[in-house]
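Q: Pasting entry-v3.json below, which is JSON, C-alpha atoms.
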[["chain", "number", "residue", "atom", "x", "y", "z"],
["A", 901, "MET", "CA", -20.84, 2.56, -22.87],
["A", 902, "SER", "CA", -17.66, 0.73, -21.81],
["A", 903, "GLU", "CA", -17.04, -0.64, -18.33],
["A", 904, "MET", "CA", -14.43, 2.07, -17.87],
["A", 905, "GLN", "CA", -16.86, 4.89, -18.74],
["A", 906, "SER", "CA", -19.55, 3.46, -16.48],
["A", 907, "GLY", "CA", -17.15, 3.23, -13.57],
["A", 908, "MET", "CA", -15.20, 0.09, -14.48],
["A", 909, "ASN", "CA", -16.16, -1.37, -11.13],
["A", 910, "PRO", "CA", -17.02, -4.82, -12.62],
["A", 911, "VAL", "CA", -13.45, -5.12, -13.90],
["A", 912, "PHE", "CA", -12.01, -4.41, -10.47],
["A", 913, "SER", "CA", -14.51, -6.67, -8.80],
["A", 914, "ARG", "CA", -13.27, -9.55, -10.97],
["A", 915, "LEU", "CA", -9.66, -8.50, -10.30],
["A", 916, "GLU", "CA", -10.27, -8.65, -6.56],
["A", 917, "GLN", "CA", -11.94, -12.07, -6.85],
["A", 918, "MET", "CA", -9.02, -13.46, -8.86],
["A", 919, "LEU", "CA", -6.50, -12.13, -6.34],
["A", 920, "SER", "CA", -8.45, -13.76, -3.51],
["A", 921, "GLN", "CA", -8.57, -17.08, -5.37],
["A", 922, "VAL", "CA", -4.82, -17.26, -5.89],
["A", 923, "VAL", "CA", -3.85, -15.94, -2.44],
["A", 924, "VAL", "CA", -6.28, -17.87, -0.23],
["A", 925, "GLY", "CA", -7.62, -16.36, 3.00],
["A", 926, "GLN", "CA", -6.60, -12.72, 2.41],
["A", 927, "ASP", "CA", -9.84, -11.27, 0.95],
["A", 928, "ALA", "CA", -9.82, -8.09, 3.06],
["A", 929, "ILE", "CA", -6.15, -7.44, 2.24],
["A", 930, "ALA", "CA", -6.88, -7.89, -1.49],
["A", 931, "HIS", "CA", -9.63, -5.25, -1.30],
["A", 932, "GLN", "CA", -7.47, -2.79, 0.63],
["A", 933, "LEU", "CA", -4.54, -3.27, -1.77],
["A", 934, "LEU", "CA", -6.88, -2.41, -4.62],
["A", 935, "ILE", "CA", -7.99, 0.77, -2.86],
["A", 936, "ALA", "CA", -4.36, 1.79, -2.36],
["A", 937, "LEU", "CA", -3.48, 1.07, -5.99],
["A", 938, "LEU", "CA", -6.37, 3.20, -7.29],
["A", 939, "ALA", "CA", -5.61, 5.97, -4.80],
["A", 940, "GLY", "CA", -1.95, 5.97, -5.82],
["A", 941, "GLY", "CA", -0.89, 5.37, -2.22],
["A", 942, "HIS", "CA", 2.01, 3.17, -1.13],
["A", 943, "VAL", "CA", 1.42, 0.29, 1.29],
["A", 944, "ILE", "CA", 3.15, -1.46, 4.18],
["A", 945, "LEU", "CA", 2.31, -5.16, 4.53],
["A", 946, "GLU", "CA", 3.15, -6.48, 7.97],
["A", 947, "GLY", "CA", 2.73, -10.05, 9.13],
["A", 948, "VAL", "CA", 4.47, -13.20, 10.19],
["A", 949, "PRO", "CA", 6.52, -15.05, 7.55],
["A", 950, "GLY", "CA", 4.70, -17.39, 5.20],
["A", 951, "THR", "CA", 1.38, -15.54, 4.95],
["A", 952, "GLY", "CA", 1.64, -14.70, 1.24],
["A", 953, "LYS", "CA", 2.82, -11.07, 1.34],
["A", 954, "THR", "CA", 5.25, -11.43, -1.58],
["A", 955, "LEU", "CA", 2.84, -13.62, -3.54],
["A", 956, "LEU", "CA", 0.11, -10.95, -3.26],
["A", 957, "ALA", "CA", 2.35, -8.34, -4.87],
["A", 958, "ARG", "CA", 3.53, -10.66, -7.64],
["A", 959, "VAL", "CA", 0.04, -11.84, -8.55],
["A", 960, "LEU", "CA", -1.45, -8.34, -8.54],
["A", 961, "SER", "CA", 1.33, -7.10, -10.84],
["A", 962, "GLN", "CA", 0.61, -9.88, -13.31],
["A", 963, "LEU", "CA", -3.15, -9.31, -13.22],
["A", 964, "ILE", "CA", -2.75, -5.65, -14.21],
["A", 965, "GLN", "CA", 0.17, -6.29, -16.63],
["A", 966, "ALA", "CA", 2.56, -4.03, -14.73],
["A", 967, "ASP", "CA", 6.36, -4.19, -14.67],
["A", 968, "PHE", "CA", 7.40, -5.69, -11.34],
["A", 969, "ARG", "CA", 10.69, -5.63, -9.45],
["A", 970, "ARG", "CA", 11.58, -6.94, -6.00],
["A", 971, "ILE", "CA", 14.33, -5.75, -3.66],
["A", 972, "GLN", "CA", 15.41, -7.86, -0.70],
["A", 973, "LEU", "CA", 16.43, -5.17, 1.77],
["A", 974, "THR", "CA", 19.30, -6.12, 4.09],
["A", 975, "PRO", "CA", 21.68, -4.09, 6.30],
["A", 976, "ASP", "CA", 24.29, -3.90, 3.51],
["A", 977, "VAL", "CA", 21.96, -2.49, 0.80],
["A", 978, "LEU", "CA", 23.07, 0.98, -0.31],
["A", 979, "PRO", "CA", 20.93, 3.76, -1.83],
["A", 980, "SER", "CA", 22.68, 3.20, -5.18],
["A", 981, "ASP", "CA", 21.54, -0.45, -5.12],
["A", 982, "ILE", "CA", 17.98, 0.84, -5.32],
["A", 983, "LEU", "CA", 18.27, 4.04, -7.33],
["A", 984, "GLY", "CA", 21.10, 3.14, -9.72],
["A", 985, "THR", "CA", 24.48, 4.67, -10.45],
["A", 986, "ASN", "CA", 26.59, 6.16, -13.24],
["A", 987, "ILE", "CA", 29.29, 3.77, -14.45],
["A", 988, "PHE", "CA", 32.34, 4.94, -16.41],
["A", 989, "ASP", "CA", 32.71, 3.14, -19.75],
["A", 990, "LEU", "CA", 36.40, 2.86, -20.70],
["A", 991, "ASN", "CA", 35.57, 2.29, -24.37],
["A", 992, "THR", "CA", 33.44, 5.40, -24.84],
["A", 993, "ARG", "CA", 35.19, 7.37, -22.06],
["A", 994, "SER", "CA", 31.82, 8.50, -20.78],
["A", 995, "PHE", "CA", 29.47, 7.71, -17.93],
["A", 996, "THR", "CA", 26.49, 5.44, -18.54],
["A", 997, "LEU", "CA", 23.53, 5.32, -16.20],
["A", 998, "LYS", "CA", 22.76, 1.89, -14.83],
["A", 999, "GLN", "CA", 19.20, 2.19, -13.55],
["A", 1000, "GLY", "CA", 18.29, 0.54, -10.27],
["A", 1001, "PRO", "CA", 15.21, -1.59, -9.58],
["A", 1002, "ILE", "CA", 13.24, 1.53, -8.59],
["A", 1003, "PHE", "CA", 12.69, 2.21, -12.30],
["A", 1004, "THR", "CA", 9.64, -0.01, -12.52],
["A", 1005, "GLN", "CA", 5.86, 0.26, -12.10],
["A", 1006, "ILE", "CA", 5.33, -1.89, -9.01],
["A", 1007, "LEU", "CA", 8.21, -2.26, -6.56],
["A", 1008, "LEU", "CA", 8.20, -4.78, -3.72],
["A", 1009, "ALA", "CA", 10.56, -3.62, -0.97],
["A", 1010, "ASP", "CA", 10.93, -6.76, 1.13],
["A", 1011, "GLU", "CA", 11.68, -6.28, 4.85],
["A", 1012, "ILE", "CA", 12.07, -2.50, 4.71],
["A", 1013, "ASN", "CA", 12.82, -2.38, 8.44],
["A", 1014, "ARG", "CA", 16.01, -4.42, 7.99],
["A", 1015, "THR", "CA", 17.85, -1.81, 5.91],
["A", 1016, "PRO", "CA", 19.61, 1.27, 7.39],
["A", 1017, "PRO", "CA", 17.93, 4.72, 7.57],
["A", 1018, "LYS", "CA", 20.03, 6.16, 4.72],
["A", 1019, "THR", "CA", 18.75, 3.52, 2.29],
["A", 1020, "GLN", "CA", 15.19, 3.80, 3.65],
["A", 1021, "SER", "CA", 15.34, 7.57, 3.15],
["A", 1022, "ALA", "CA", 16.45, 7.25, -0.49],
["A", 1023, "LEU", "CA", 13.55, 4.94, -1.24],
["A", 1024, "LEU", "CA", 10.99, 7.07, 0.60],
["A", 1025, "GLU", "CA", 12.19, 10.27, -1.07],
["A", 1026, "ALA", "CA", 11.68, 8.68, -4.48],
["A", 1027, "MET", "CA", 8.20, 7.54, -3.37],
["A", 1028, "GLU", "CA", 7.25, 11.06, -2.32],
["A", 1029, "GLU", "CA", 8.66, 12.96, -5.31],
["A", 1030, "GLN", "CA", 8.14, 10.24, -7.95],
["A", 1031, "GLN", "CA", 11.57, 11.05, -9.33],
["A", 1032, "VAL", "CA", 15.22, 10.21, -8.71],
["A", 1033, "THR", "CA", 18.23, 12.55, -8.80],
["A", 1034, "LEU", "CA", 21.53, 10.92, -9.77],
["A", 1035, "ASP", "CA", 24.67, 13.03, -10.14],
["A", 1036, "GLY", "CA", 22.59, 16.16, -10.65],
["A", 1037, "GLN", "CA", 20.34, 14.57, -13.26],
["A", 1038, "THR", "CA", 16.63, 14.28, -12.42],
["A", 1039, "LEU", "CA", 14.88, 11.22, -13.79],
["A", 1040, "ALA", "CA", 11.11, 10.72, -13.62],
["A", 1041, "LEU", "CA", 9.72, 7.42, -12.38],
["A", 1042, "SER", "CA", 6.81, 5.56, -13.94],
["A", 1043, "GLU", "CA", 3.44, 7.32, -13.76],
["A", 1044, "LEU", "CA", 2.00, 4.29, -11.98],
["A", 1045, "PHE", "CA", 5.01, 3.88, -9.63],
["A", 1046, "TRP", "CA", 3.68, 2.06, -6.59],
["A", 1047, "VAL", "CA", 5.60, 0.62, -3.64],
["A", 1048, "ILE", "CA", 4.57, -2.31, -1.47],
["A", 1049, "ALA", "CA", 6.91, -2.58, 1.51],
["A", 1050, "THR", "CA", 6.86, -5.64, 3.76],
["A", 1051, "GLN", "CA", 8.07, -6.15, 7.28],
["A", 1052, "ASN", "CA", 7.90, -9.08, 9.67],
["A", 1053, "SER", "CA", 6.16, -8.29, 12.94],
["A", 1054, "LEU", "CA", 8.32, -10.69, 14.97],
["A", 1055, "GLU", "CA", 11.77, -9.33, 14.14],
["A", 1056, "PHE", "CA", 13.12, -6.66, 16.47],
["A", 1057, "GLU", "CA", 16.86, -7.37, 16.69],
["A", 1058, "GLY", "CA", 18.90, -5.87, 13.86],
["A", 1059, "THR", "CA", 16.01, -3.81, 12.53],
["A", 1060, "TYR", "CA", 15.62, -0.10, 11.82],
["A", 1061, "PRO", "CA", 11.99, 0.92, 12.48],
["A", 1062, "LEU", "CA", 10.72, 3.63, 10.16],
["A", 1063, "PRO", "CA", 10.36, 7.06, 11.84],
["A", 1064, "GLU", "CA", 6.84, 8.47, 12.25],
["A", 1065, "ALA", "CA", 7.40, 11.10, 9.54],
["A", 1066, "GLN", "CA", 8.42, 8.38, 7.07],
["A", 1067, "LEU", "CA", 5.53, 6.10, 7.99],
["A", 1068, "ASP", "CA", 3.13, 8.94, 7.13],
["A", 1069, "ARG", "CA", 4.18, 8.58, 3.48],
["A", 1070, "PHE", "CA", 2.40, 5.24, 3.27],
["A", 1071, "LEU", "CA", -1.34, 5.28, 2.64],
["A", 1072, "PHE", "CA", -2.12, 2.01, 4.44],
["A", 1073, "LYS", "CA", -0.50, -0.35, 6.87],
["A", 1074, "LEU", "CA", -2.11, -3.73, 6.27],
["A", 1075, "MET", "CA", -1.76, -6.52, 8.83],
["A", 1076, "VAL", "CA", -1.53, -9.88, 7.07],
["A", 1077, "ASP", "CA", -2.78, -12.35, 9.66],
["A", 1078, "TYR", "CA", -2.99, -16.11, 9.65],
["A", 1079, "PRO", "CA", -5.79, -17.41, 7.40],
["A", 1080, "ASP", "CA", -8.91, -18.78, 9.07],
["A", 1081, "PRO", "CA", -9.13, -22.61, 9.45],
["A", 1082, "SER", "CA", -11.29, -23.15, 6.33],
["A", 1083, "SER", "CA", -8.95, -21.04, 4.16],
["A", 1084, "GLU", "CA", -5.90, -22.81, 5.51],
["A", 1085, "LYS", "CA", -7.50, -26.16, 4.79],
["A", 1086, "LYS", "CA", -8.17, -24.98, 1.23],
["A", 1087, "MET", "CA", -4.46, -24.11, 0.92],
["A", 1088, "LEU", "CA", -3.54, -27.63, 2.02],
["A", 1089, "LEU", "CA", -6.00, -29.16, -0.44],
["A", 1090, "ASN", "CA", -4.58, -26.98, -3.23],
["A", 1091, "THR", "CA", -1.07, -28.15, -2.31],
["A", 1092, "GLN", "CA", -2.26, -31.75, -2.29],
["A", 1093, "ALA", "CA", -3.68, -31.19, -5.79],
["A", 1094, "GLY", "CA", -0.27, -29.99, -7.01],
["A", 1095, "PHE", "CA", -0.37, -26.19, -6.55],
["A", 1096, "GLN", "CA", 2.95, -24.69, -5.43],
["A", 1097, "ALA", "CA", 3.12, -20.96, -4.77],
["A", 1098, "LYS", "CA", 6.91, -20.92, -5.27],
["A", 1099, "ARG", "CA", 6.58, -22.40, -8.74],
["A", 1100, "LEU", "CA", 3.47, -20.49, -9.72],
["A", 1101, "ASP", "CA", 3.72, -19.64, -13.42],
["A", 1102, "LEU", "CA", 2.49, -16.05, -13.37],
["A", 1103, "ALA", "CA", 2.50, -15.93, -17.16],
["A", 1104, "LYS", "CA", -0.44, -18.34, -17.13],
["A", 1105, "LEU", "CA", -2.55, -15.94, -15.04],
["A", 1106, "LYS", "CA", -4.99, -14.19, -17.33],
["A", 1107, "PRO", "CA", -4.56, -10.39, -17.03],
["A", 1108, "MET", "CA", -7.71, -8.60, -15.87],
["A", 1109, "THR", "CA", -6.84, -5.00, -16.78],
["A", 1110, "THR", "CA", -3.95, -2.78, -17.87],
["A", 1111, "VAL", "CA", -1.79, -0.04, -16.37],
["A", 1112, "SER", "CA", -3.38, 2.55, -18.67],
["A", 1113, "GLN", "CA", -6.83, 1.53, -17.40],
["A", 1114, "ILE", "CA", -5.62, 1.92, -13.81],
["A", 1115, "LEU", "CA", -4.41, 5.45, -14.60],
["A", 1116, "GLU", "CA", -7.70, 6.25, -16.34],
["A", 1117, "ALA", "CA", -9.65, 4.94, -13.34],
["A", 1118, "ARG", "CA", -7.67, 7.24, -11.04],
["A", 1119, "LYS", "CA", -8.88, 10.21, -13.09],
["A", 1120, "LEU", "CA", -12.49, 9.03, -12.90],
["A", 1121, "ILE", "CA", -12.25, 8.66, -9.13],
["A", 1122, "HIS", "CA", -11.49, 12.39, -8.81],
["A", 1123, "ASN", "CA", -15.07, 13.01, -9.96],
["A", 1124, "VAL", "CA", -16.55, 11.20, -6.94],
["A", 1125, "LYS", "CA", -18.31, 13.81, -4.78],
["A", 1126, "ILE", "CA", -18.19, 14.28, -1.02],
["A", 1127, "GLN", "CA", -20.83, 16.37, 0.73],
["A", 1128, "GLU", "CA", -19.70, 18.99, 3.21],
["A", 1129, "ASN", "CA", -21.22, 17.20, 6.19],
["A", 1130, "VAL", "CA", -19.27, 14.01, 5.34],
["A", 1131, "LEU", "CA", -16.10, 16.07, 4.87],
["A", 1132, "ASP", "CA", -16.71, 17.67, 8.27],
["A", 1133, "TYR", "CA", -17.18, 14.18, 9.74],
["A", 1134, "LEU", "CA", -13.77, 13.09, 8.42],
["A", 1135, "LEU", "CA", -12.15, 16.26, 9.76],
["A", 1136, "SER", "CA", -13.80, 15.78, 13.16],
["A", 1137, "ILE", "CA", -12.19, 12.35, 13.51],
["A", 1138, "VAL", "CA", -8.79, 13.73, 12.46],
["A", 1139, "GLN", "CA", -9.02, 16.61, 14.95],
["A", 1140, "ARG", "CA", -10.35, 14.39, 17.75],
["A", 1141, "SER", "CA", -7.32, 12.11, 17.27],
["A", 1142, "ARG", "CA", -5.06, 15.04, 18.23],
["A", 1143, "LYS", "CA", -6.86, 15.50, 21.55],
["A", 1144, "HIS", "CA", -7.48, 11.86, 22.46],
["A", 1145, "PRO", "CA", -6.18, 11.02, 25.96],
["A", 1146, "ASP", "CA", -4.55, 7.76, 24.81],
["A", 1147, "ILE", "CA", -2.85, 9.22, 21.70],
["A", 1148, "ALA", "CA", 0.49, 11.05, 21.87],
["A", 1149, "LEU", "CA", 0.63, 11.88, 18.14],
["A", 1150, "GLY", "CA", -2.59, 12.42, 16.19],
["A", 1151, "ALA", "CA", -3.39, 12.31, 12.49],
["A", 1152, "SER", "CA", -1.48, 14.74, 10.26],
["A", 1153, "PRO", "CA", -2.95, 17.04, 7.57],
["A", 1154, "ARG", "CA", -1.35, 14.71, 5.01],
["A", 1155, "SER", "CA", -3.34, 11.81, 6.43],
["A", 1156, "ALA", "CA", -6.58, 13.79, 6.09],
["A", 1157, "VAL", "CA", -5.89, 14.36, 2.37],
["A", 1158, "ALA", "CA", -5.02, 10.68, 1.91],
["A", 1159, "TRP", "CA", -8.18, 9.65, 3.79],
["A", 1160, "LEU", "CA", -10.34, 11.77, 1.49],
["A", 1161, "GLN", "CA", -8.81, 10.24, -1.64],
["A", 1162, "ALA", "CA", -9.05, 6.65, -0.33],
["A", 1163, "SER", "CA", -12.69, 7.22, 0.71],
["A", 1164, "LYS", "CA", -13.48, 8.25, -2.86],
["A", 1165, "VAL", "CA", -11.95, 4.99, -4.11],
["A", 1166, "GLN", "CA", -13.98, 2.99, -1.60],
["A", 1167, "ALA", "CA", -17.16, 4.69, -2.86],
["A", 1168, "TRP", "CA", -16.21, 4.23, -6.53],
["A", 1169, "LEU", "CA", -15.57, 0.52, -6.08],
["A", 1170, "ALA", "CA", -19.04, 0.27, -4.53],
["A", 1171, "ASN", "CA", -20.40, 1.85, -7.73],
["A", 1172, "ARG", "CA", -21.36, 5.12, -6.07],
["A", 1173, "GLU", "CA", -20.64, 8.68, -7.21],
["A", 1174, "PHE", "CA", -20.55, 10.05, -3.68],
["A", 1175, "VAL", "CA", -18.77, 9.28, -0.40],
["A", 1176, "THR", "CA", -20.75, 8.12, 2.63],
["A", 1177, "PRO", "CA", -19.68, 8.09, 6.30],
["A", 1178, "ASP", "CA", -19.40, 4.31, 6.02],
["A", 1179, "ASP", "CA", -16.74, 4.74, 3.31],
["A", 1180, "VAL", "CA", -14.76, 6.97, 5.67],
["A", 1181, "LYS", "CA", -15.08, 4.48, 8.55],
["A", 1182, "ALA", "CA", -14.28, 1.41, 6.39],
["A", 1183, "ILE", "CA", -10.68, 2.48, 5.79],
["A", 1184, "ALA", "CA", -10.00, 4.26, 9.10],
["A", 1185, "VAL", "CA", -8.01, 1.46, 10.75],
["A", 1186, "PRO", "CA", -5.50, 0.66, 7.94],
["A", 1187, "LEU", "CA", -5.10, 4.39, 7.23],
["A", 1188, "LEU", "CA", -4.47, 5.48, 10.82],
["A", 1189, "ARG", "CA", -2.80, 2.53, 12.57],
["A", 1190, "HIS", "CA", 0.74, 3.52, 11.49],
["A", 1191, "ARG", "CA", 0.16, 7.26, 11.91],
["A", 1192, "LEU", "CA", -1.16, 7.46, 15.45],
["A", 1193, "ILE", "CA", 1.26, 6.96, 18.35],
["A", 1194, "LEU", "CA", -0.10, 5.67, 21.65],
["A", 1195, "ARG", "CA", 0.96, 7.26, 24.93],
["A", 1196, "PRO", "CA", 3.29, 5.04, 27.00],
["A", 1197, "GLU", "CA", 0.68, 4.64, 29.75],
["A", 1198, "ALA", "CA", -1.88, 3.43, 27.18],
["A", 1199, "GLN", "CA", 0.62, 0.85, 25.95],
["A", 1200, "LEU", "CA", 1.24, -0.28, 29.53],
["A", 1201, "ASP", "CA", -2.51, -0.73, 29.94],
["A", 1202, "GLY", "CA", -2.39, -3.15, 26.99],
["A", 1203, "LEU", "CA", -4.41, -1.00, 24.60],
["A", 1204, "SER", "CA", -4.00, -1.80, 20.90],
["A", 1205, "ILE", "CA", -3.92, 0.98, 18.32],
["A", 1206, "ASP", "CA", -6.74, -0.69, 16.34],
["A", 1207, "ALA", "CA", -8.99, -0.69, 19.42],
["A", 1208, "VAL", "CA", -8.21, 2.97, 20.12],
["A", 1209, "ILE", "CA", -9.11, 3.88, 16.51],
["A", 1210, "GLN", "CA", -12.43, 2.04, 16.83],
["A", 1211, "GLY", "CA", -13.10, 3.92, 20.07],
["A", 1212, "LEU", "CA", -12.23, 7.18, 18.34],
["A", 1213, "LEU", "CA", -14.77, 6.46, 15.59],
["A", 1214, "ASN", "CA", -17.44, 5.77, 18.22],
["A", 1215, "GLN", "CA", -16.84, 9.18, 19.81],
["A", 1216, "VAL", "CA", -17.68, 11.18, 16.68],
["A", 1217, "THR", "CA", -21.33, 11.59, 15.68],
["A", 1218, "VAL", "CA", -22.09, 10.12, 12.25],
["A", 1219, "PRO", "CA", -23.95, 12.59, 9.98],
["A", 1220, "ARG", "CA", -27.34, 11.55, 8.63]]
Write the structure described by the file as structure tokens, please.
A:
Amino acid sequence: MSEMQSGMNPVFSRLEQMLSQVVVGQDAIAHQLLIALLAGGHVILEGVPGTGKTLLARVLSQLIQADFRRIQLTPDVLPSDILGTNIFDLNTRSFTLKQGPIFTQILLADEINRTPPKTQSALLEAMEEQQVTLDGQTLALSELFWVIATQNSLEFEGTYPLPEAQLDRFLFKLMVDYPDPSSEKKMLLNTQAGFQAKRLDLAKLKPMTTVSQILEARKLIHNVKIQENVLDYLLSIVQRSRKHPDIALGASPRSAVAWLQASKVQAWLANREFVTPDDVKAIAVPLLRHRLILRPEAQLDGLSIDAVIQGLLNQVTVPR
């Protein structure tokens, strides 16, 4: 029996280890990115500059042998810069489609909050429908098509924050924090030994799996079972979020569906054929932090959304 037929978890375990080795100090982020990839859910990476957000996306693309494109989003980027446009050819007297960078397998949308709403909307619509319509012609995107959007947490001037309804289209919001002291020291030692992230030759990274194996794994994950009491547990948290005194906007039905799928991935990566309450809890924070909106008075009290989510989990009885 192949690794794929038996769950293929060893392959993804090695993939996660390799990602953590290249991008030092971001082990938890590497694991959560893997969950999102296997769940087919897009991701927001937020953090201060210089924490390896772009490097993570580049390295992961190389390790799974996926086509990779990067867009630097700025206030002057137009929807056509992302989607593409029809160009009139004087020689043939006909229009030729020039495809935009969205026609790839993994797309890194750098600093998504620095581009205007019209351009954001074009990108997010393509993410949701997995297709692009240009001049009345509908074009399908790659079956894998996966977007990693980055934003810097410190920039507020000249930015266009994503509306709540648009944020809900992302599976996870991952906070890329500073590495711990030992990891940062390892980075310095690697630099001293000659490693330079900017000049990293991705072609020398040995691929760990393929796009077709990722797509096959997604199908296998559908077979992971969830008992009714665990499903009820997940629903209880979702419904409690809508009545929580500190939360103005609770979790949407779309988030409940996404949570179920991501919980299955978490279980599958742990080599289990069923979802446990711990799987549900393990991904609660990255799945909910961009979907729940705190009440103004809660913000004035200095409450963080992550702390409120943890409190929410503590309020719901875990099934045995």
Q: Between A:Pro1001, A:Pro1061, A:Gly984, A:Pro1153, single out the one closest to Gln1020 in chain A, counting only C-alpha atoms.
A: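 Result for the nearest residue to Gln1020 in chain A: A:Pro1061.
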Q: Report as a ChimeraX atom specification all protein, DNA and RNA residues lying within 12 Å of range 1039-1044 of chain A, evaluated on only C-alpha atoms, omitting residues in the same chain fewer than 6 positions from it.
A: /A:936-942,961,964-968,983-984,997,999-1007,1025-1033,1110-1118
Q: Keeping only C-alpha atoms, write those residues as a PDB file, in the coordinates of the input.
A:
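Once written, out.pdb looks like this:
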ATOM      1  CA  ALA A 936      -4.360   1.790  -2.360  1.00  0.00           C
ATOM      2  CA  LEU A 937      -3.480   1.070  -5.990  1.00  0.00           C
ATOM      3  CA  LEU A 938      -6.370   3.200  -7.290  1.00  0.00           C
ATOM      4  CA  ALA A 939      -5.610   5.970  -4.800  1.00  0.00           C
ATOM      5  CA  GLY A 940      -1.950   5.970  -5.820  1.00  0.00           C
ATOM      6  CA  GLY A 941      -0.890   5.370  -2.220  1.00  0.00           C
ATOM      7  CA  HIS A 942       2.010   3.170  -1.130  1.00  0.00           C
ATOM      8  CA  SER A 961       1.330  -7.100 -10.840  1.00  0.00           C
ATOM      9  CA  ILE A 964      -2.750  -5.650 -14.210  1.00  0.00           C
ATOM     10  CA  GLN A 965       0.170  -6.290 -16.630  1.00  0.00           C
ATOM     11  CA  ALA A 966       2.560  -4.030 -14.730  1.00  0.00           C
ATOM     12  CA  ASP A 967       6.360  -4.190 -14.670  1.00  0.00           C
ATOM     13  CA  PHE A 968       7.400  -5.690 -11.340  1.00  0.00           C
ATOM     14  CA  LEU A 983      18.270   4.040  -7.330  1.00  0.00           C
ATOM     15  CA  GLY A 984      21.100   3.140  -9.720  1.00  0.00           C
ATOM     16  CA  LEU A 997      23.530   5.320 -16.200  1.00  0.00           C
ATOM     17  CA  GLN A 999      19.200   2.190 -13.550  1.00  0.00           C
ATOM     18  CA  GLY A1000      18.290   0.540 -10.270  1.00  0.00           C
ATOM     19  CA  PRO A1001      15.210  -1.590  -9.580  1.00  0.00           C
ATOM     20  CA  ILE A1002      13.240   1.530  -8.590  1.00  0.00           C
ATOM     21  CA  PHE A1003      12.690   2.210 -12.300  1.00  0.00           C
ATOM     22  CA  THR A1004       9.640  -0.010 -12.520  1.00  0.00           C
ATOM     23  CA  GLN A1005       5.860   0.260 -12.100  1.00  0.00           C
ATOM     24  CA  ILE A1006       5.330  -1.890  -9.010  1.00  0.00           C
ATOM     25  CA  LEU A1007       8.210  -2.260  -6.560  1.00  0.00           C
ATOM     26  CA  GLU A1025      12.190  10.270  -1.070  1.00  0.00           C
ATOM     27  CA  ALA A1026      11.680   8.680  -4.480  1.00  0.00           C
ATOM     28  CA  MET A1027       8.200   7.540  -3.370  1.00  0.00           C
ATOM     29  CA  GLU A1028       7.250  11.060  -2.320  1.00  0.00           C
ATOM     30  CA  GLU A1029       8.660  12.960  -5.310  1.00  0.00           C
ATOM     31  CA  GLN A1030       8.140  10.240  -7.950  1.00  0.00           C
ATOM     32  CA  GLN A1031      11.570  11.050  -9.330  1.00  0.00           C
ATOM     33  CA  VAL A1032      15.220  10.210  -8.710  1.00  0.00           C
ATOM     34  CA  THR A1033      18.230  12.550  -8.800  1.00  0.00           C
ATOM     35  CA  THR A1110      -3.950  -2.780 -17.870  1.00  0.00           C
ATOM     36  CA  VAL A1111      -1.790  -0.040 -16.370  1.00  0.00           C
ATOM     37  CA  SER A1112      -3.380   2.550 -18.670  1.00  0.00           C
ATOM     38  CA  GLN A1113      -6.830   1.530 -17.400  1.00  0.00           C
ATOM     39  CA  ILE A1114      -5.620   1.920 -13.810  1.00  0.00           C
ATOM     40  CA  LEU A1115      -4.410   5.450 -14.600  1.00  0.00           C
ATOM     41  CA  GLU A1116      -7.700   6.250 -16.340  1.00  0.00           C
ATOM     42  CA  ALA A1117      -9.650   4.940 -13.340  1.00  0.00           C
ATOM     43  CA  ARG A1118      -7.670   7.240 -11.040  1.00  0.00           C
TER      44      ARG A1118
END
Q: What box, with edges along x, y and z, holds each listed atom of range 1075-1082 of chain A when 5 Å is added on every side, and can you state its centre and edge lengths in Å to one decimal, as JSON?
A:
{"center_x": -6.4, "center_y": -14.8, "center_z": 8.0, "size_x": 19.8, "size_y": 26.6, "size_z": 13.3}
Q: Go through A:Ala1156, A:Val924, A:Gln1210, A:Val1130 and flag the residue nearest Asp1179 in chain A, using all atoms listed in the file for the distances.
A: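 That would be A:Val1130, the residue with the smallest distance to Asp1179 in chain A.
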Q: What does the distance from CA of Lys1018 in chain A to CA of Val977 in chain A come to in Å, to one decimal?
A: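 Taking CA of Lys1018 in chain A and CA of Val977 in chain A, their separation equals 9.7 Å.
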Q: Give me, please, the distance in Å between CA of His1190 in chain A and CA of Leu933 in chain A, quoted to one decimal.
A: 15.8 Å
Q: Quick one, how far is CA of Ser1163 in chain A from CA of Ala1184 in chain A?
A: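 Between CA of Ser1163 in chain A and CA of Ala1184 in chain A the gap is 9.3 Å.
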Q: List every protein, DNA or RNA residue with an atom no more than 10 Å from (1.3, 4.6, 20.3) in the file's coordinates, counting all atoms listed in the file, and format the result as an mmCIF file with C-alpha atoms, in the coordinates of the input.
A:
data_model
loop_
_atom_site.group_PDB
_atom_site.id
_atom_site.type_symbol
_atom_site.label_atom_id
_atom_site.label_comp_id
_atom_site.auth_asym_id
_atom_site.auth_seq_id
_atom_site.Cartn_x
_atom_site.Cartn_y
_atom_site.Cartn_z
ATOM 1 C CA ASP A 1146 -4.550 7.760 24.810
ATOM 2 C CA ILE A 1147 -2.850 9.220 21.700
ATOM 3 C CA ALA A 1148 0.490 11.050 21.870
ATOM 4 C CA LEU A 1149 0.630 11.880 18.140
ATOM 5 C CA GLY A 1150 -2.590 12.420 16.190
ATOM 6 C CA ARG A 1189 -2.800 2.530 12.570
ATOM 7 C CA HIS A 1190 0.740 3.520 11.490
ATOM 8 C CA ARG A 1191 0.160 7.260 11.910
ATOM 9 C CA LEU A 1192 -1.160 7.460 15.450
ATOM 10 C CA ILE A 1193 1.260 6.960 18.350
ATOM 11 C CA LEU A 1194 -0.100 5.670 21.650
ATOM 12 C CA ARG A 1195 0.960 7.260 24.930
ATOM 13 C CA PRO A 1196 3.290 5.040 27.000
ATOM 14 C CA GLU A 1197 0.680 4.640 29.750
ATOM 15 C CA ALA A 1198 -1.880 3.430 27.180
ATOM 16 C CA GLN A 1199 0.620 0.850 25.950
ATOM 17 C CA LEU A 1203 -4.410 -1.000 24.600
ATOM 18 C CA SER A 1204 -4.000 -1.800 20.900
ATOM 19 C CA ILE A 1205 -3.920 0.980 18.320
ATOM 20 C CA VAL A 1208 -8.210 2.970 20.120
#
